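Q: Take this structure first; my questions come after.
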Amino acid sequence: MYAYEKITVVPKLPERINKLNELAYNLWWSWNTHAVSVFESIDQELWIECEENPVRFLQQVSSKKLEAAADNHEYLLIYDNIINQFNTYMNADDTWFIRNFPDKKDNIIAYFSAEYGLHETLPMYSGGLGILSGDHCKSASDLGLPFVAVGLLYKQGYFRQQLNQEGWQEAKFIKQNISELPIQATKDQNGNDVIISTDFPGRTVHAKVWEIHVGRIKIYMMDTDIPENNFDDRHITSILYGGEQEMRISQEIILGIGGIKTLDALGIKPSVYHLNEGHSAFCTLEIMRKLIQYEGLSFHNAREVVAASTVFTTHTPVPAGSDRFPLYLMDKYFSNVWTSLGINRHQFMEMGSSTHPDSRDVFNMTILALKTAGQRNGVSKLHGMVSRNIFNHVWERIPEEEVPIGSITNGIHTATWLNPSLKDLYGKYLGQNWEENIHDTKMWRNIDNIPDEALWDAHMANKQKMIDFIRDRVKTQKIRNGEAPEEIESIDKMLDPNALTIGFARRFATYKRATLIFRNLSRLQRILNNPAMPVQIIFAGKAHPADYPGQELIKHIHDLAHQEGFKGKVFLVENYDMKLARHLLSGVDVWLNNPRRPLEASGTSGQKAALNGIINFSVLDGWWVEGYNGHNGWAIGDETYYSNTEQQDNVDAQSLYATLEEQIVPLYYERNEKGIPVNWVRTMKASIKTCAPVFSTARMVQDYVKDYYVTAMRRKDEITKNHYALAQELSQWKSHVSNEWSQVRIIPDRKLNYYSDQKIFAGRPVELSTIVYLGNINPNNARVEVYYGKIGQDGMIEQPEIAAMELQGQGEGNNYHYKGTIHLDTGGEYGYTFRVLPYHSGLINEYDLGLIKWVETSEYNIQ
């Protein structure tokens, strides 16, 4: 084999259309769908051949065709219009963020995520987490946030799924040709590649920095596949979620610690760090190390600064969903880190552990993020409740409902996921600038003004496009698997555009119950094969290469799809990616989602479906609990929790079949004289106008800004001024209170509380008193409260309320008398107790310390 050097030859753009290159390298074109016409109209055949990748297209298009376009008046009209739109967008100085927070425009938000789903051209995402990250970045750009993102460049990305003839998933990892992707090497001031270095056991690992332009913002991605590294280290960033635990911890060190080093190398000084899942939580350690080394702070002071500026979003609905590393790996990779932080091994390991059995002998990345971030949230209201439950052990004595984890419900980037034909239709009836007011619920009521026939015709056109796309993909699959010619020819007749079509597409994890609809095969056969009202189901999704149970679900659906009674009615499509998703989400009639409640943290595919007029049929989990109103779709089951999964599956399957038979199928086939399913279209409109404004990343990112980012910016300013005076004050105060807290006691006095065990009239104010011994804690640093509510069947206080108590005076020693008033407006049996919490005006959250003192049972006998 002879050696050779590479030379990349690209056509030179004519001066008149030289902005095409800048446009190709900015993902703005991916959500401004009409923008791609400036590429496609030059050479439509090549555009398709290049898989609609503008960078690859410009590398391969002929110079003659470029010159012809530059001389074509009609083309130049299109070109000038698109470039003017792009320039106007990029140079806007009146964005939402600038209008609302002009004094915060220099406060940079750094967003960390292990994956980004931006476009199928960049297959560096595995599922919902990555898509959410990509949509978050796009809306951050739209809203004009001072925002940068950090991630890893996976040259083999996530796997491409192929289904063999037997229906088994095969994972194909294909190395990406970076030169053909909309990604560029980041350069320093001297035009050199930016390369950062991170300490590993016995060696240094280097990473080259690349950048992706997403509208007005950039994502910086680190790549260890460079000559400076040894063979093994070059593969650290090869595959998303690849390898065993040692590979995973290596990836997360590069993402977190390397991510901070990347920002340092670029001179970027964030005010806010947003950790999207726990994969990047090591970045908090690096921020603390720098504060200790360069600012002279103690570990505890540095921790206060990190807490002030860090937001953490958890997506996991179960404890097992967290990355957990064995302690021997932590010793191997971090034995030098706790020394640089000025703490010992025990203190270091404590940051990633709790008393929970699953977290005692491992280092849990979610717990590290929860303990170091000052603000934390789940991704739907229900998921916030679930998170407070599963992570209650991090704040042991704090009641579950008061665990300091909030929620911001996920959304979707509207322009990315709305079908172009519907985008034009919405533009006609919602107003020319409707995309700038996506969160305006009043504007979306104008959906009712769209003629039923116009919306239905647009939907049916999208349905046919979806069918054509799926036929092509299935045909490619069957040709690859060497199937018989007659089997391949039959593909042209698969899928009936006039049949009610249900879509189920998501990751094949067992809790998502992809096969729930097959629980009663004979009943499902009757539903599918009613000649007057036929139904068909399309399945798509990947199982993780290490998830054998998930792969068995795919195999099971494949086998059923070939059985009599299901053949021609059930379809399984391989390689679920963003392109297939866009077709399904605008082409099916019903979007089916049936996870085992409450294990769906949010689920955004149904939000994308609703935006496109596809009606949701879902378990009341994740976002659908908030979105469903009884008129905009259908619910599977109710909000009842079953500890027995078999019972839950049976109940949900019965609900699924009954709703299909009695409501969904008849409604779809109920037509007027023009063949329009008027009541079905009414439900489509209800779905669009109720879901589109609320479940968008336009609303979501605004919530993050108002509820978390700006709070962190202000907090960071407060805690760093006067050389971190507040950080030092807080850490000293916390140390003092923690050391003294064991002395605090509540001394209830039945003589003071004469209402105890007595009947009173509803609505009458009830005054309560107690004595609190505070030891060496100043009463200004304590808050005393009444905790009260109705007593439930389990003997515990339900839906508790809290009333502050006022200090009345000091008795002997450090005993203090407190009094408070509660209001019991309805009849019933109530319970009340007293509690004490530490208080400091500088606390981010009053429950962060996890310190709380309740009345002990034995103390009711005192006095």
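Residue numbers start at 1 in each chain; chains themselves are named A, B, ... in the order of the structure tokens; ligands are numbered from 1 in the order shown.
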If DSSP is run on the backbone, what residues of region 5-95 of chain A are helix (DSSP H, G or I)? A reply as a ChimeraX atom specification would be ideal.

A: /A:15-17,20-24,28-31,33-40,44-49,54-60,63-70,73-90

Q: Please identify all polymer residues within 9 Å of region 214-230 of chain A, counting only C-alpha atoms, omitting same-chain residues fewer than 5 positions from it, and present them as a PyMOL selection string.

A: chain A and resi 25-29+86+89-91+111+118+134+137-138+140-142+144-155+186+195-196+204-209+235-238+254-255+258-259+262-263

Q: Any chance you can output those residues with N, CA and C atoms as a compact mmCIF listing (two decimals), in the first residue's frame?

A:
# COMPACT_ATOMS: atom_id res chain seq x y z
N TYR A 25 -22.62 26.95 6.88
CA TYR A 25 -22.00 26.62 8.15
C TYR A 25 -22.76 27.17 9.35
N ASN A 26 -23.96 27.63 9.14
CA ASN A 26 -24.78 28.08 10.26
C ASN A 26 -26.09 27.31 10.22
N LEU A 27 -26.38 26.59 11.29
CA LEU A 27 -27.57 25.74 11.33
C LEU A 27 -28.88 26.52 11.27
N TRP A 28 -28.81 27.83 11.12
CA TRP A 28 -30.01 28.65 10.94
C TRP A 28 -30.87 28.09 9.82
N TRP A 29 -30.20 27.56 8.77
CA TRP A 29 -30.96 27.02 7.64
C TRP A 29 -31.80 25.81 8.04
N PHE A 86 -31.33 36.26 6.78
CA PHE A 86 -30.25 35.75 7.63
C PHE A 86 -29.49 36.89 8.29
N TYR A 89 -31.54 38.62 10.97
CA TYR A 89 -31.60 37.78 12.18
C TYR A 89 -30.30 37.89 12.97
N MET A 90 -29.18 37.73 12.28
CA MET A 90 -27.88 37.68 12.95
C MET A 90 -27.52 39.03 13.59
N ASN A 91 -27.96 40.12 13.00
CA ASN A 91 -27.54 41.44 13.47
C ASN A 91 -28.59 42.15 14.32
N TYR A 111 -23.89 26.47 28.72
CA TYR A 111 -24.80 25.32 28.76
C TYR A 111 -24.00 24.06 28.44
N LEU A 118 -29.36 18.55 16.57
CA LEU A 118 -29.59 19.78 15.81
C LEU A 118 -30.19 19.51 14.44
N GLY A 134 -30.57 20.55 21.63
CA GLY A 134 -30.53 21.27 20.37
C GLY A 134 -31.61 22.33 20.28
N CYS A 137 -30.80 25.33 22.46
CA CYS A 137 -29.82 26.22 21.83
C CYS A 137 -30.47 27.10 20.77
N LYS A 138 -31.34 26.51 19.97
CA LYS A 138 -32.00 27.28 18.91
C LYS A 138 -32.86 28.41 19.47
N ALA A 140 -32.44 29.74 22.44
CA ALA A 140 -31.52 30.71 23.06
C ALA A 140 -31.05 31.70 22.00
N SER A 141 -30.82 31.21 20.79
CA SER A 141 -30.44 32.08 19.68
C SER A 141 -31.60 33.00 19.30
N ASP A 142 -32.77 32.42 19.11
CA ASP A 142 -33.94 33.23 18.70
C ASP A 142 -34.21 34.36 19.69
N GLY A 144 -32.09 35.74 21.69
CA GLY A 144 -30.96 36.66 21.83
C GLY A 144 -30.23 36.55 23.15
N LEU A 145 -30.20 35.34 23.75
CA LEU A 145 -29.49 35.17 25.01
C LEU A 145 -27.98 35.25 24.80
N PRO A 146 -27.23 35.79 25.77
CA PRO A 146 -25.77 35.72 25.73
C PRO A 146 -25.35 34.31 26.15
N PHE A 147 -25.23 33.42 25.21
CA PHE A 147 -25.29 31.97 25.48
C PHE A 147 -24.23 31.24 24.68
N VAL A 148 -23.50 30.34 25.31
CA VAL A 148 -22.61 29.41 24.62
C VAL A 148 -22.93 28.01 25.13
N ALA A 149 -22.65 27.01 24.31
CA ALA A 149 -22.89 25.62 24.71
C ALA A 149 -21.60 24.83 24.58
N VAL A 150 -21.50 23.76 25.37
CA VAL A 150 -20.30 22.93 25.41
C VAL A 150 -20.71 21.47 25.29
N GLY A 151 -19.96 20.72 24.47
CA GLY A 151 -20.25 19.30 24.30
C GLY A 151 -19.04 18.55 23.79
N LEU A 152 -19.25 17.33 23.35
CA LEU A 152 -18.19 16.48 22.81
C LEU A 152 -18.48 16.20 21.35
N LEU A 153 -17.41 16.14 20.55
CA LEU A 153 -17.55 15.83 19.13
C LEU A 153 -17.35 14.33 18.94
N TYR A 154 -18.44 13.64 18.66
CA TYR A 154 -18.39 12.18 18.47
C TYR A 154 -18.24 11.90 16.98
N LYS A 155 -17.06 11.50 16.56
CA LYS A 155 -16.84 11.30 15.13
C LYS A 155 -17.60 10.10 14.58
N THR A 186 -12.11 25.56 15.79
CA THR A 186 -12.02 26.84 16.49
C THR A 186 -10.56 27.31 16.45
N ILE A 195 -6.45 23.89 21.28
CA ILE A 195 -6.31 22.55 21.86
C ILE A 195 -6.16 22.71 23.37
N ILE A 196 -7.00 22.00 24.12
CA ILE A 196 -6.94 22.08 25.58
C ILE A 196 -6.37 20.78 26.13
N THR A 204 -1.47 13.18 30.21
CA THR A 204 -2.32 14.32 29.86
C THR A 204 -3.08 13.99 28.60
N VAL A 205 -4.38 14.25 28.61
CA VAL A 205 -5.22 14.03 27.43
C VAL A 205 -5.54 15.38 26.81
N HIS A 206 -5.33 15.47 25.50
CA HIS A 206 -5.56 16.71 24.76
C HIS A 206 -6.85 16.61 23.96
N ALA A 207 -7.47 17.73 23.72
CA ALA A 207 -8.69 17.76 22.92
C ALA A 207 -8.69 18.99 22.02
N LYS A 208 -8.99 18.76 20.77
CA LYS A 208 -9.15 19.85 19.83
C LYS A 208 -10.57 20.39 19.93
N VAL A 209 -10.71 21.70 19.81
CA VAL A 209 -12.02 22.33 19.95
C VAL A 209 -12.57 22.69 18.58
N HIS A 235 -9.84 7.60 21.25
CA HIS A 235 -11.19 7.07 21.08
C HIS A 235 -12.15 7.51 22.18
N ILE A 236 -11.68 8.34 23.12
CA ILE A 236 -12.57 8.76 24.21
C ILE A 236 -13.84 9.41 23.67
N THR A 237 -13.70 10.27 22.67
CA THR A 237 -14.88 10.98 22.15
C THR A 237 -15.40 10.38 20.85
N SER A 238 -15.11 9.11 20.60
CA SER A 238 -15.54 8.52 19.33
C SER A 238 -17.04 8.28 19.26
N ILE A 254 -13.70 14.85 30.30
CA ILE A 254 -13.45 15.78 29.17
C ILE A 254 -14.60 16.77 29.06
N LEU A 255 -15.83 16.29 29.16
CA LEU A 255 -16.99 17.17 29.03
C LEU A 255 -17.01 18.23 30.13
N GLY A 258 -12.74 19.41 30.97
CA GLY A 258 -12.27 19.92 29.69
C GLY A 258 -13.13 21.05 29.16
N GLY A 259 -14.44 20.99 29.45
CA GLY A 259 -15.34 22.05 29.01
C GLY A 259 -14.99 23.39 29.64
N THR A 262 -11.91 24.68 28.03
CA THR A 262 -12.22 25.23 26.70
C THR A 262 -12.70 26.67 26.81
N LEU A 263 -13.61 26.91 27.72
CA LEU A 263 -14.10 28.28 27.92
C LEU A 263 -12.96 29.20 28.34

Q: Rank A:Pro123, A:Gly795, A:Pro201, A:Pro666 by their smallest atom-to-atom distance to Lys579 (chain A), using only C-alpha atoms, and report the top residue only.

A: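 Using only C-alpha atoms, the shortest distance to Lys579 (chain A) belongs to A:Pro123.
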
Q: Which one is closest to Ile614 (chain A): A:Tyr839, A:Tyr158, A:Trp456, A:Tyr2? Count only C-alpha atoms.

A: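 Among the listed residues, the smallest separation from Ile614 (chain A) belongs to A:Trp456.
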